[in-house]
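Worksheet: the structure to be examined is printed underneath.
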Amino acid sequence: MQTTPHPGSESNAAAPSAHEVDFPPVQNGVDYLLSVVDHLTAAEQPGPRDLKYAVLHLQAAAEVLLKARLQLEHWSLVVKEPGLAIRKKFEAGDFDSCTTAGAIDRLRGIAGVTVGDKSAKSLAILSHWRNALQHYGLTVNARAVESRAAQVLDFLIAFVHDELLPALSGEETASVSTHLNQVGDKVRTIQSFIDARLKRLADELKDDQHRTLECCICGEATLVVGESPKALSCRFCHTTWDDPNHALTDYVMTYDVNMDSNVQQCPNCSEHALLVDGARVVQAPEERRSLCFSCGTDFDALAECSDCLNTYIPASEDDLGLCEDCLAARYTRF
């Protein structure tokens, strides 16, 4: 692994005066993390302003820290198009950097850094929230922000420990470690609240594990489908969809499911709200199940009618490949 000093950190550089800003990348990223936990723990219930700056500063921290690790591999990996990178422009800060998603792809594919799918998804959602805040506004439940923030904070704390601290000087390591411990203490406070709330919900949800999904807003496995044909609401963050199909659309987009081929008419309620082989329910988180977002029915076995192409429940092993309607129509013709 090739290490490259950040611009301005050469050994012959003069020490900063009291009136200069000097935040090397890792210290800068951890300072953003401190700001995030300060905003999230500033009051028993963080206000809109606290949540806004928690999102903005957490995204800033993620970008700084992920790209600091890329720079350790090679400085050009931070640039949007590494093949066109010019060192002098990079050192002057005159370049377009890669996106957060691009940084994750390069960390995985080039630097060999492990970034779990759930962490990558939470980072992607965080990036979307930041863009919404900066460009057209954001409306999201406070509990959802806290939950996603806790997930990203947990990932970034481990990331700094594993991937960045070993490359720092002794003095910088001590400073970063001290601040990182402060972040960790406050994250545990946030996580304790989340865990306590999830524990309370566990009893409520124990009989609905076959139709309980991970909420695409807060990331907690507390979205029970089929409770109402007209609306869905996450039990943890209380995000509400006034139409189950809207929740289905958000779920499909968040978890990269093909909507054209995986969303079909439900054989039970006839609503076009059946997610085929795409739902990960609490009862079987490693499997992709078929689940209707309208009536909440989960299906073990489904088939596609060879005539109308609608999904149906096979009657037996000797099934003819036709749904009841098409089978009845054939018998009527003959």
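Starting from 1 in every chain, residues are counted up; chains themselves are A, B, ... following the order of the structure tokens, and ligands are numbered from 1 as listed.
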- Which residues come within 12 Å of Lys52 (chain A), counting only C-alpha atoms, excluding same-chain residues fewer than 3 positions away, as a list in words?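 Non-adjacent residues within range: Ser35, Val36, His39, Leu40, Pro46, Gly47, Pro48, Arg49, Val55, Leu56, His57, Leu58, Gln59, Leu126, Trp129, Arg130, Asn131, Ala132, Leu133, Gln134, Gly137, Leu138, Thr139, Val140, Asn141, Ala142, Val145, Glu146 and Ala149 of chain A.
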- Please report, as a ChimeraX atom specification, each residue of region 187-324 of chain A to which DSSP assigns helix (DSSP H, G or I) when run on this structure's backbone. /A:187-211,244-254,259-262,324
- Separation of CA of Val282 (chain A) and CA of Ala101 (chain A), in Å? 27.3 Å
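One finds CA of Ser97 (chain A) at 10.8 Å from CA of Trp75 (chain A).
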- Message: Give me the residues near region 188-200 of chain A as a PyMOL selection string, where near means some atom within 9 Å (using only C-alpha atoms) and where sequence neighbours in that chain fewer than 3 positions away do not count.
- Response: chain A and resi 37+40-41+143+146-147+150+183-185+203-204+220+222+236
